[in-house]
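File shown: query-v6.cif (mmCIF, C-alpha atoms).
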```cif
data_model
#
loop_
_atom_site.label_atom_id
_atom_site.label_comp_id
_atom_site.auth_asym_id
_atom_site.auth_seq_id
_atom_site.Cartn_x
_atom_site.Cartn_y
_atom_site.Cartn_z
CA MET T 20 -101.95 -31.27 4.32
CA VAL T 21 -100.29 -33.27 1.60
CA HIS T 22 -102.43 -35.71 -0.34
CA LEU T 23 -100.26 -38.77 -0.87
CA THR T 24 -101.37 -42.28 -1.58
CA ASP T 25 -100.20 -44.99 0.79
CA ALA T 26 -97.77 -46.10 -1.91
CA GLU T 27 -96.35 -42.56 -2.20
CA LYS T 28 -95.99 -42.30 1.58
CA GLY T 29 -94.16 -45.61 1.64
CA LEU T 30 -91.90 -44.53 -1.21
CA VAL T 31 -91.04 -41.19 0.42
CA ASN T 32 -90.38 -42.68 3.85
CA GLY T 33 -88.45 -45.62 2.45
CA LEU T 34 -86.14 -43.43 0.39
CA TRP T 35 -85.77 -40.86 3.16
CA GLY T 36 -84.44 -43.62 5.40
CA LYS T 37 -81.59 -44.20 2.95
CA ILE T 38 -80.16 -40.71 2.99
CA ASN T 39 -77.63 -39.16 5.34
CA VAL T 40 -79.53 -36.15 6.70
CA ASP T 41 -76.32 -34.43 7.86
CA GLU T 42 -74.72 -34.65 4.43
CA VAL T 43 -77.82 -33.92 2.37
CA GLY T 44 -78.85 -31.04 4.63
CA GLY T 45 -75.56 -29.21 4.25
CA GLU T 46 -75.47 -29.82 0.53
CA THR T 47 -79.06 -28.65 0.06
CA LEU T 48 -78.64 -25.40 1.97
CA GLY T 49 -75.25 -24.83 0.35
CA ARG T 50 -76.67 -25.26 -3.13
CA LEU T 51 -79.53 -22.91 -2.29
CA LEU T 52 -77.03 -20.22 -1.29
CA VAL T 53 -74.93 -20.77 -4.42
CA VAL T 54 -77.73 -21.06 -6.98
CA TYR T 55 -79.87 -18.29 -5.45
CA PRO T 56 -77.26 -15.91 -4.00
CA TRP T 57 -79.81 -13.37 -2.76
CA THR T 58 -80.76 -15.93 -0.08
CA GLN T 59 -77.35 -15.36 1.52
CA ARG T 60 -78.62 -12.14 3.12
CA PHE T 61 -80.32 -14.21 5.81
CA PHE T 62 -77.02 -15.81 6.77
CA ASP T 63 -74.72 -12.86 7.44
CA SER T 64 -73.50 -14.45 10.66
CA PHE T 65 -72.25 -17.56 8.83
CA GLY T 66 -68.93 -16.01 7.86
CA ASN T 67 -67.31 -16.59 4.48
CA LEU T 68 -69.92 -17.05 1.75
CA SER T 69 -67.77 -15.49 -0.97
CA SER T 70 -67.61 -18.45 -3.35
CA ALA T 71 -69.29 -21.77 -4.06
CA ALA T 72 -66.39 -23.62 -2.44
CA ALA T 73 -66.51 -21.41 0.66
CA ILE T 74 -70.26 -21.96 1.00
CA MET T 75 -70.16 -25.71 0.47
CA ASP T 76 -67.31 -26.10 3.01
CA ASN T 77 -68.78 -23.69 5.57
CA PRO T 78 -69.44 -25.53 8.85
CA LYS T 79 -72.29 -23.18 9.79
CA VAL T 80 -74.01 -23.86 6.46
CA LYS T 81 -73.63 -27.60 7.04
CA ALA T 82 -74.91 -27.36 10.62
CA HIS T 83 -77.94 -25.27 9.67
CA GLY T 84 -78.68 -27.54 6.71
CA LYS T 85 -78.69 -30.50 9.09
CA LYS T 86 -81.09 -28.62 11.37
CA VAL T 87 -83.37 -27.81 8.44
CA LEU T 88 -83.53 -31.42 7.28
CA ASN T 89 -84.12 -32.69 10.81
CA SER T 90 -87.19 -30.44 10.85
CA PHE T 91 -88.16 -31.79 7.43
CA SER T 92 -87.81 -35.32 8.87
CA ASP T 93 -90.27 -34.38 11.61
CA GLY T 94 -92.66 -33.18 8.92
CA LEU T 95 -92.51 -36.56 7.21
CA LYS T 96 -93.88 -38.07 10.42
CA HIS T 97 -96.85 -35.67 10.33
CA LEU T 98 -97.82 -35.38 6.67
CA ASP T 99 -101.47 -34.95 7.64
CA ASP T 100 -100.69 -31.92 9.83
CA LEU T 101 -97.85 -29.99 8.22
CA LYS T 102 -99.28 -26.60 9.23
CA GLY T 103 -99.35 -27.66 12.86
CA THR T 104 -95.93 -29.28 12.66
CA PHE T 105 -94.32 -26.18 11.16
CA ALA T 106 -96.42 -23.50 12.91
CA GLN T 107 -93.62 -22.29 15.19
CA LEU T 108 -91.06 -22.27 12.39
CA SER T 109 -93.49 -20.40 10.17
CA GLU T 110 -93.97 -17.76 12.84
CA LEU T 111 -90.21 -17.45 13.43
CA HIS T 112 -89.39 -17.09 9.73
CA CYS T 113 -92.26 -14.67 9.13
CA ASP T 114 -92.31 -12.43 12.19
CA LYS T 115 -88.69 -12.45 13.35
CA LEU T 116 -86.48 -13.40 10.42
CA HIS T 117 -88.63 -11.92 7.63
CA VAL T 118 -87.68 -14.64 5.18
CA ASP T 119 -89.34 -14.38 1.79
CA PRO T 120 -91.70 -17.40 1.66
CA GLU T 121 -90.60 -18.08 -1.93
CA ASN T 122 -87.30 -19.25 -0.43
CA PHE T 123 -89.09 -22.25 1.09
CA ARG T 124 -90.18 -23.34 -2.39
CA LEU T 125 -86.69 -22.82 -3.76
CA LEU T 126 -85.18 -24.86 -0.93
CA GLY T 127 -87.66 -27.68 -1.56
CA ASN T 128 -86.78 -27.77 -5.24
CA VAL T 129 -83.06 -27.82 -4.42
CA LEU T 130 -83.70 -30.68 -1.99
CA VAL T 131 -85.37 -32.68 -4.77
CA VAL T 132 -82.31 -32.14 -7.00
CA VAL T 133 -79.96 -33.25 -4.21
CA LEU T 134 -82.08 -36.32 -3.48
CA GLY T 135 -81.94 -37.26 -7.15
CA HIS T 136 -78.17 -36.93 -7.08
CA HIS T 137 -77.78 -39.08 -3.96
CA LEU T 138 -80.41 -41.71 -4.67
CA ARG T 139 -79.61 -42.07 -8.39
CA ALA T 140 -81.65 -44.84 -10.05
CA GLU T 141 -83.85 -45.27 -6.97
CA PHE T 142 -85.13 -41.73 -7.45
CA THR T 143 -87.65 -42.72 -10.09
CA PRO T 144 -90.11 -40.28 -11.69
CA GLN T 145 -92.72 -41.59 -9.23
CA ALA T 146 -90.39 -40.84 -6.30
CA GLN T 147 -89.70 -37.37 -7.63
CA ALA T 148 -93.42 -36.68 -8.03
CA ALA T 149 -94.09 -37.81 -4.46
CA PHE T 150 -91.24 -35.70 -3.06
CA GLN T 151 -92.41 -32.68 -5.06
CA LYS T 152 -95.78 -33.00 -3.35
CA VAL T 153 -94.10 -33.18 0.04
CA VAL T 154 -91.77 -30.21 -0.45
CA ALA T 155 -94.67 -28.14 -1.81
CA GLY T 156 -96.72 -29.03 1.27
CA VAL T 157 -93.86 -28.14 3.60
CA ALA T 158 -93.27 -24.84 1.78
CA ASN T 159 -96.98 -24.00 2.07
CA ALA T 160 -96.96 -24.86 5.78
CA LEU T 161 -93.90 -22.68 6.38
CA ALA T 162 -95.52 -19.82 4.48
CA HIS T 163 -98.79 -20.19 6.39
CA LYS T 164 -98.16 -17.27 8.81
CA TYR T 165 -97.54 -14.96 5.85
CA HIS T 166 -101.17 -15.19 4.69
#
```

Mind turning this structure into structure tokens?
Amino acid sequence: MVHLTDAEKGLVNGLWGKINVDEVGGETLGRLLVVYPWTQRFFDSFGNLSSAAAIMDNPKVKAHGKKVLNSFSDGLKHLDDLKGTFAQLSELHCDKLHVDPENFRLLGNVLVVVLGHHLRAEFTPQAQAAFQKVVAGVANALAHKYH
């Protein structure tokens, strides 16, 4: 559960409606793989991840990033039940994929950076604070099965 004021919820949802999920998703996952290269080990089937350019142009990275942010979008509709919303994904990433739960926090932080880049002046300190709460809540929900 994420504790957001009504104003923070409005801010998050209003700004989220302005982004292109396809574009931001691919960029977010791509940046994660570039900035934190050890995360690439979970994406062996994605082909060429040999350089930043290869990663950022990789269609499988873009497609999976879109999928990730579509799930994040679903979470924004259920901020009061993030653990329930992400329960199946938590189980998948824990039991089958064995993803280090710290990667969820890293991805959330990268998403905040990408949102700041895309939203520019609209991404005020208040917006950043609200999004940080949301990505922390999503990361905790995704890590739930690990506890």

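Residue neighbourhood of segment 68-70 of chain T, excluding near-sequence residues (fewer than 5 positions): T:Gly49, T:Arg50, T:Leu51, T:Leu52, T:Val53, T:Val54, T:Pro56, T:Trp57, T:Thr58, T:Gln59, T:Arg60, T:Phe61, T:Phe62, T:Asp63, T:Met75, T:Asp76, T:Asn77, T:Pro78, T:Lys79, T:Val80, at 12 Å, using only C-alpha atoms.
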
- prompt: Residues picked by the PyMOL selection byres ((chain T and resi 40) around 10) here, as a VMD selection string?
  reply: chain T and resid 35 to 39 41 to 46 84 to 89 91 to 92

As JSON: centre and edge lengths in Å, one decimal, of the axis-aligned box holding segment 102-119 of chain T with 3 Å per side:
```
{"center_x": -92.9, "center_y": -20.6, "center_z": 8.5, "size_x": 18.9, "size_y": 23.4, "size_z": 19.4}
```

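Residues captured in this structure file are Leu23, Thr24, Asp25, Ala26, Glu27, Lys28, Leu30, Val31, Asn32, Gly33, Leu34, Trp35, Gly36, Leu95, Lys96, Leu98, Gln145, Ala146, Ala149 and Phe150 of chain T, according to the PyMOL selection byres ((chain T and resi 29) around 12).
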
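Interatomic distance, atom CA of Glu121 of chain T to atom CA of Ser109 of chain T: 12.7 Å.
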
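For the choices T:Val21, T:Val129, T:Ala106, T:Leu101, the atom-to-atom distance to Tyr55 of chain T is smallest for T:Val129 when using only C-alpha atoms.
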
task: Rounded to one decimal place, report the atom CA of Leu134 of chain T-atom CA of Tyr165 of chain T distance in Å.
output: 28.0 Å

- request: Would you kindly return, as a count of residues only, each protein, DNA or RNA residue with an atom no farther than 9 Å from any atom of Asn159 of chain T, considering all atoms listed in the file and excluding same-chain residues fewer than 3 positions away?
  value: 10

task: Rank nothing, just name the residue among T:Ala160, T:Ala73, T:Val133, T:Leu111 nearest to Gln147 of chain T, using all atoms listed in the file.
output: T:Val133

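The interatomic distance for the pair atom CA of His117 of chain T and atom CA of Val153 of chain T works out to 23.2 Å.
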
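Take the candidates T:Val157, T:Asp99, T:His83, T:Pro144 and check each one against Asn128 of chain T using all atoms listed in the file; the shortest distance goes to T:Val157.
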
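Counting all atoms listed in the file, the residue from T:Asp100, T:Glu141, T:Glu110, T:Asp93 that sits nearest to Leu161 of chain T is T:Glu110.
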